[in-house]
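Peer 1: final17.txt is reproduced below (compact mmCIF, C-alpha atoms).
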```txt
# COMPACT_ATOMS: atom_id res chain seq x y z
CA MET A 25 -52.88 78.22 277.81
CA ILE A 26 -50.03 76.89 279.96
CA GLU A 27 -52.16 77.09 283.09
CA ALA A 28 -55.30 75.73 281.44
CA ALA A 29 -53.42 72.72 280.07
CA GLY A 30 -51.75 72.06 283.43
CA LEU A 31 -48.29 72.23 281.90
CA GLU A 32 -45.32 71.97 284.26
CA PRO A 33 -41.65 72.96 283.99
CA GLY A 34 -39.97 70.82 281.35
CA ASP A 35 -43.11 70.34 279.25
CA ALA A 36 -42.75 71.33 275.60
CA LEU A 37 -44.84 73.96 273.83
CA ALA A 38 -46.03 73.78 270.26
CA SER A 39 -44.06 75.63 267.60
CA SER A 40 -44.57 79.36 267.08
CA ARG A 41 -46.36 78.65 263.82
CA GLU A 42 -48.77 76.21 265.47
CA LEU A 43 -49.44 78.61 268.33
CA ALA A 44 -50.11 81.42 265.86
CA LYS A 45 -52.76 79.29 264.16
CA ARG A 46 -54.31 78.36 267.49
CA PHE A 47 -54.63 81.97 268.65
CA GLU A 48 -55.32 83.35 265.17
CA VAL A 49 -52.48 85.86 265.27
CA THR A 50 -49.28 86.30 263.29
CA THR A 51 -46.14 84.32 264.05
CA PRO A 52 -44.19 87.49 265.00
CA THR A 53 -46.87 88.27 267.59
CA ILE A 54 -46.41 84.83 269.15
CA ARG A 55 -42.63 85.22 269.13
CA GLU A 56 -42.90 88.55 270.94
CA ALA A 57 -45.22 86.99 273.54
CA LEU A 58 -42.73 84.16 274.05
CA ARG A 59 -39.84 86.60 274.44
CA ARG A 60 -41.78 88.37 277.20
CA LEU A 61 -42.45 85.07 278.93
CA GLU A 62 -38.77 84.17 278.59
CA ALA A 63 -37.82 87.43 280.34
CA THR A 64 -39.61 86.20 283.48
CA ASP A 65 -38.44 82.58 283.06
CA VAL A 66 -41.95 81.27 282.39
CA ILE A 67 -40.58 79.59 279.27
CA ARG A 68 -37.12 78.79 277.96
CA PHE A 69 -35.84 78.35 274.44
CA ARG A 70 -33.55 75.39 273.84
CA HIS A 71 -31.50 75.81 270.70
CA GLY A 72 -32.34 73.11 268.20
CA SER A 73 -34.94 71.57 270.47
CA GLY A 74 -37.88 73.92 270.98
CA THR A 75 -39.67 75.94 273.64
CA TYR A 76 -40.31 74.57 277.10
CA VAL A 77 -42.17 75.62 280.22
CA SER A 78 -39.72 76.80 282.88
CA GLY A 79 -39.70 77.31 286.65
CA GLY A 80 -41.00 80.87 286.51
CA VAL A 81 -44.47 79.57 285.70
CA ASN A 82 -44.99 78.77 289.40
CA ARG A 83 -42.85 81.57 290.86
CA ARG A 84 -44.49 84.29 292.95
CA LEU A 85 -41.59 86.73 292.78
CA LEU A 86 -40.49 87.62 289.26
CA VAL A 87 -37.44 89.33 287.84
CA ASN A 88 -37.62 92.82 286.38
CA PRO A 89 -36.31 92.31 282.82
CA HIS A 90 -35.62 96.04 282.45
CA VAL A 91 -33.17 96.41 285.35
CA SER A 92 -29.74 97.81 284.51
CA GLU A 93 -26.70 95.59 283.98
CA SER A 94 -24.94 93.92 286.88
CA ARG A 95 -22.43 96.00 288.88
CA SER A 96 -19.59 94.85 291.13
CA GLU A 97 -21.41 96.21 294.17
CA SER A 98 -24.61 94.32 293.36
CA VAL A 99 -22.67 91.08 292.80
CA LEU A 100 -21.14 91.33 296.28
CA GLU A 101 -24.50 92.34 297.73
CA LEU A 102 -26.04 89.14 296.36
CA LEU A 103 -23.24 87.03 297.82
CA ASP A 104 -23.57 88.76 301.20
CA ALA A 105 -27.29 87.97 301.24
CA ARG A 106 -26.66 84.35 300.29
CA ILE A 107 -24.04 83.98 303.04
CA VAL A 108 -26.68 84.99 305.58
CA LEU A 109 -29.55 82.95 304.13
CA GLU A 110 -28.20 79.70 302.74
CA PRO A 111 -26.20 78.02 305.56
CA PRO A 112 -29.27 77.44 307.79
CA VAL A 113 -31.16 76.24 304.71
CA ALA A 114 -28.40 73.67 304.12
CA ALA A 115 -28.72 72.59 307.76
CA ALA A 116 -32.45 72.09 307.25
CA ALA A 117 -31.72 70.03 304.14
CA ALA A 118 -29.44 67.72 306.13
CA ALA A 119 -32.28 67.09 308.57
CA ALA A 120 -35.03 66.47 306.02
CA ARG A 121 -33.48 65.19 302.76
CA THR A 122 -34.99 62.28 300.87
CA ASP A 123 -33.44 59.90 298.36
CA ASP A 124 -34.95 61.94 295.53
CA ASP A 125 -33.42 65.10 296.99
CA LEU A 126 -29.99 63.47 297.12
CA THR A 127 -30.31 62.40 293.50
CA ALA A 128 -31.20 65.96 292.44
CA LEU A 129 -28.31 67.37 294.50
CA THR A 130 -25.81 64.94 293.03
CA LEU A 131 -26.87 65.69 289.48
CA SER A 132 -26.98 69.46 289.94
CA ALA A 133 -23.58 69.49 291.65
CA ASP A 134 -22.03 68.64 288.29
CA ASN A 135 -23.32 71.94 286.85
CA SER A 136 -20.37 73.64 288.51
CA LEU A 137 -17.96 71.85 286.17
CA LYS A 138 -19.48 73.54 283.15
CA PRO A 139 -18.02 76.91 282.07
CA GLN A 140 -20.48 79.80 282.03
CA TYR A 141 -21.65 80.45 278.47
CA ALA A 142 -23.19 83.90 277.87
CA ASP A 143 -26.34 84.14 280.03
CA GLU A 144 -27.10 80.41 280.04
CA ARG A 145 -28.65 79.06 283.24
CA PRO A 146 -28.91 75.44 284.42
CA GLU A 147 -32.25 73.70 284.48
CA LEU A 148 -31.76 73.05 288.20
CA HIS A 149 -29.42 75.27 290.21
CA PHE A 150 -27.49 73.36 292.90
CA HIS A 151 -28.41 75.80 295.65
CA VAL A 152 -32.08 75.68 294.65
CA ALA A 153 -31.93 71.87 294.86
CA LEU A 154 -30.28 72.25 298.28
CA ALA A 155 -33.13 74.46 299.48
CA GLY A 156 -35.62 72.00 298.01
CA ALA A 157 -34.07 69.23 300.10
CA SER A 158 -35.20 71.12 303.23
CA GLY A 159 -38.71 69.93 302.50
CA ASN A 160 -39.97 73.49 302.89
CA LEU A 161 -41.44 74.77 299.63
CA LEU A 162 -41.21 78.40 300.74
CA LEU A 163 -37.47 78.08 301.42
CA ARG A 164 -36.97 76.61 297.96
CA GLU A 165 -39.03 79.39 296.36
CA THR A 166 -37.14 82.04 298.34
CA ILE A 167 -33.69 80.90 297.17
CA GLU A 168 -34.94 80.31 293.63
CA ALA A 169 -36.59 83.72 293.52
CA LEU A 170 -33.47 85.43 294.88
CA LEU A 171 -31.30 83.86 292.19
CA GLN A 172 -33.86 84.64 289.52
CA VAL A 173 -34.54 88.23 290.57
CA ARG A 174 -30.79 88.83 290.68
CA ALA A 175 -30.08 86.57 287.70
CA ARG A 176 -27.71 89.05 286.06
CA ASP A 177 -25.62 89.21 289.21
CA GLN A 178 -25.64 85.43 289.60
CA ILE A 179 -24.49 84.99 285.99
CA GLU A 180 -21.77 87.58 286.59
CA ILE A 181 -20.60 85.57 289.62
CA ARG A 182 -20.24 82.53 287.37
CA HIS A 183 -18.25 84.55 284.83
CA ARG A 184 -15.92 85.99 287.46
CA TYR A 185 -15.43 82.91 289.64
CA THR A 186 -13.88 80.37 287.30
CA ASP A 187 -12.36 77.78 289.65
CA ARG A 188 -14.65 75.06 288.40
CA ASP A 189 -12.79 72.25 290.19
CA ARG A 190 -13.05 73.90 293.60
CA ASP A 191 -16.66 74.89 292.96
CA HIS A 192 -17.51 71.27 292.19
CA ALA A 193 -15.51 69.91 295.13
CA ASP A 194 -17.35 72.27 297.49
CA HIS A 195 -20.69 71.11 296.15
CA VAL A 196 -19.74 67.45 296.53
CA ARG A 197 -18.73 68.00 300.18
CA ILE A 198 -22.02 69.76 300.86
CA VAL A 199 -23.92 66.83 299.32
CA GLU A 200 -21.97 64.39 301.49
CA ALA A 201 -22.82 66.36 304.64
CA VAL A 202 -26.50 66.45 303.67
CA ARG A 203 -26.45 62.71 302.91
CA ASP A 204 -24.87 62.04 306.31
CA GLY A 205 -27.53 64.14 308.03
CA ASP A 206 -24.82 66.40 309.48
CA ALA A 207 -26.60 69.76 309.77
CA ASP A 208 -23.65 71.61 311.32
CA ALA A 209 -21.25 70.47 308.61
CA ALA A 210 -23.73 71.26 305.83
CA ALA A 211 -24.19 74.79 307.16
CA ALA A 212 -20.46 75.39 307.68
CA LEU A 213 -19.49 74.03 304.27
CA THR A 214 -22.14 76.14 302.54
CA ARG A 215 -20.97 79.26 304.31
CA ASP A 216 -17.30 78.55 303.57
CA HIS A 217 -18.17 77.92 299.92
CA LEU A 218 -19.98 81.23 299.49
CA VAL A 219 -17.39 83.19 301.48
CA ALA A 220 -14.60 81.78 299.29
CA ILE A 221 -16.43 82.91 296.16
CA ARG A 222 -16.99 86.37 297.62
CA GLU A 223 -13.35 86.72 298.61
CA ALA A 224 -12.16 85.59 295.19
CA ILE A 225 -14.36 88.14 293.44
CA ALA A 226 -13.58 90.93 295.91
CA SER A 227 -9.85 90.38 295.37
CA THR A 228 -10.23 91.46 291.75
CA LEU A 229 -11.91 94.76 292.69
CA GLY A 230 -10.70 98.06 294.03
CA PRO A 231 -10.88 98.75 297.80
CA GLU A 232 -14.05 100.84 297.49
CA GLN A 233 -15.91 98.26 295.41
CA ALA A 234 -14.83 95.33 297.58
CA ARG A 235 -16.37 96.63 300.81
```
As structure tokens, please, write out the structure in this file.

Peer 2:
Amino acid sequence: MIEAAGLEPGDALASSRELAKRFEVTTPTIREALRRLEATDVIRFRHGSGTYVSGGVNRRLLVNPHVSESRSESVLELLDARIVLEPPVAAAAAAARTDDDLTALTLSADNSLKPQYADERPELHFHVALAGASGNLLLRETIEALLQVRARDQIEIRHRYTDRDRDHADHVRIVEAVRDGDADAAAALTRDHLVAIREAIASTLGPEQAR
């Protein structure tokens, strides 16, 4: 139905009751279908607002909703991967950004000021917006898919790294470098930002876990 209607992320779905009537099934059946779509981020529930199409509707690589809980080792593994991947993406963003990209980056940078609540995720992740500013759709999808596939680890990073002011300041400096078209600075700032988070988390772990 979502595909046939051409719905995009952010578009609202009808209520569970209305969908049940449309498909001639019970409301619990619709709710179970929606929960399965939520597990792969095809839709998102907004408390008190309704059900909306989410970014997973266009994603080629989807999260396994049955994977075990996040572990310290997997959190550091995600950060290590991001340290390798994201600095050159930030450099590409500095070379290709548009005014719309800068607006999205500025808005999403403020997400870092918000404390992590349970498993809540922002509508637009700053580092996904940064990859989007590269102008390369595949780079954006790659970073978005990585953060989605390892969503439990990413949420755990937010729970463990709580220096919201520094997080935000880092993001603002990255945005400034991208706005200035300074690819070297954008890459260096992104790397320093991710390394600082890794070091902060590793410092709370035992020697074996922190390797």

Peer 1: Here is a test: counting all atoms listed in the file, which residue of A:Arg188, A:His151, A:Arg174, A:Arg95 is nearest to Lys138 of chain A?

Peer 2: A:Arg188

Peer 1: Please report the interatomic distance between atom CA of Lys45 of chain A and atom CA of Ala29 of chain A in Å with one decimal.

Peer 2: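 These atoms are spaced 17.2 Å apart.
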
Peer 1: I'd like to know which of A:Leu163, A:Ile225, A:Ile179, A:Ala133 is closest to His195 of chain A, using only C-alpha atoms.

Peer 2: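 Nearest candidate to His195 of chain A out of A:Leu163, A:Ile225, A:Ile179, A:Ala133: A:Ala133.
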
Peer 1: Between atom CA of Arg164 of chain A and atom CA of Leu103 of chain A, what distance in Å does the model show, to one decimal?

Peer 2: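 Answer for the atom CA of Arg164 of chain A to atom CA of Leu103 of chain A separation: 17.2 Å.
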
Peer 1: Under the rule that only C-alpha atoms are counted, which of A:Glu168, A:Asp194, A:Glu200, A:Glu32 is the nearest residue to Arg106 of chain A?

Peer 2: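 Smallest distance to Arg106 of chain A is found for A:Glu168.
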
Peer 1: Distance cut-off 12 Å, centre (-34.6, 77.5, 272.5) in file coordinates, counting only C-alpha atoms: which residues qualify? Return them as a PDB file with C-alpha atoms, in the coordinates of the input.

Peer 2:
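Just written: selection-v7.pdb:
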```
ATOM      1  CA  ALA A  36     -42.750  71.330 275.600  1.00  0.00           C
ATOM      2  CA  LEU A  37     -44.840  73.960 273.830  1.00  0.00           C
ATOM      3  CA  SER A  39     -44.060  75.630 267.600  1.00  0.00           C
ATOM      4  CA  SER A  40     -44.570  79.360 267.080  1.00  0.00           C
ATOM      5  CA  ARG A  55     -42.630  85.220 269.130  1.00  0.00           C
ATOM      6  CA  LEU A  58     -42.730  84.160 274.050  1.00  0.00           C
ATOM      7  CA  ARG A  59     -39.840  86.600 274.440  1.00  0.00           C
ATOM      8  CA  GLU A  62     -38.770  84.170 278.590  1.00  0.00           C
ATOM      9  CA  ILE A  67     -40.580  79.590 279.270  1.00  0.00           C
ATOM     10  CA  ARG A  68     -37.120  78.790 277.960  1.00  0.00           C
ATOM     11  CA  PHE A  69     -35.840  78.350 274.440  1.00  0.00           C
ATOM     12  CA  ARG A  70     -33.550  75.390 273.840  1.00  0.00           C
ATOM     13  CA  HIS A  71     -31.500  75.810 270.700  1.00  0.00           C
ATOM     14  CA  GLY A  72     -32.340  73.110 268.200  1.00  0.00           C
ATOM     15  CA  SER A  73     -34.940  71.570 270.470  1.00  0.00           C
ATOM     16  CA  GLY A  74     -37.880  73.920 270.980  1.00  0.00           C
ATOM     17  CA  THR A  75     -39.670  75.940 273.640  1.00  0.00           C
ATOM     18  CA  TYR A  76     -40.310  74.570 277.100  1.00  0.00           C
ATOM     19  CA  VAL A  77     -42.170  75.620 280.220  1.00  0.00           C
ATOM     20  CA  SER A  78     -39.720  76.800 282.880  1.00  0.00           C
ATOM     21  CA  GLU A 144     -27.100  80.410 280.040  1.00  0.00           C
TER      22      GLU A 144
END
```

Peer 1: Put a box with edges along x, y and z around all the listed atoms of segment 104-113 of chain A, pad it by 5 Å on each side, then give me its centre and sizes in Å, one decimal, as AutoDock Vina command-line options.

Peer 2:
```
--center_x -27.4 --center_y 82.5 --center_z 304.0 --size_x 17.6 --size_y 22.5 --size_z 17.5
```
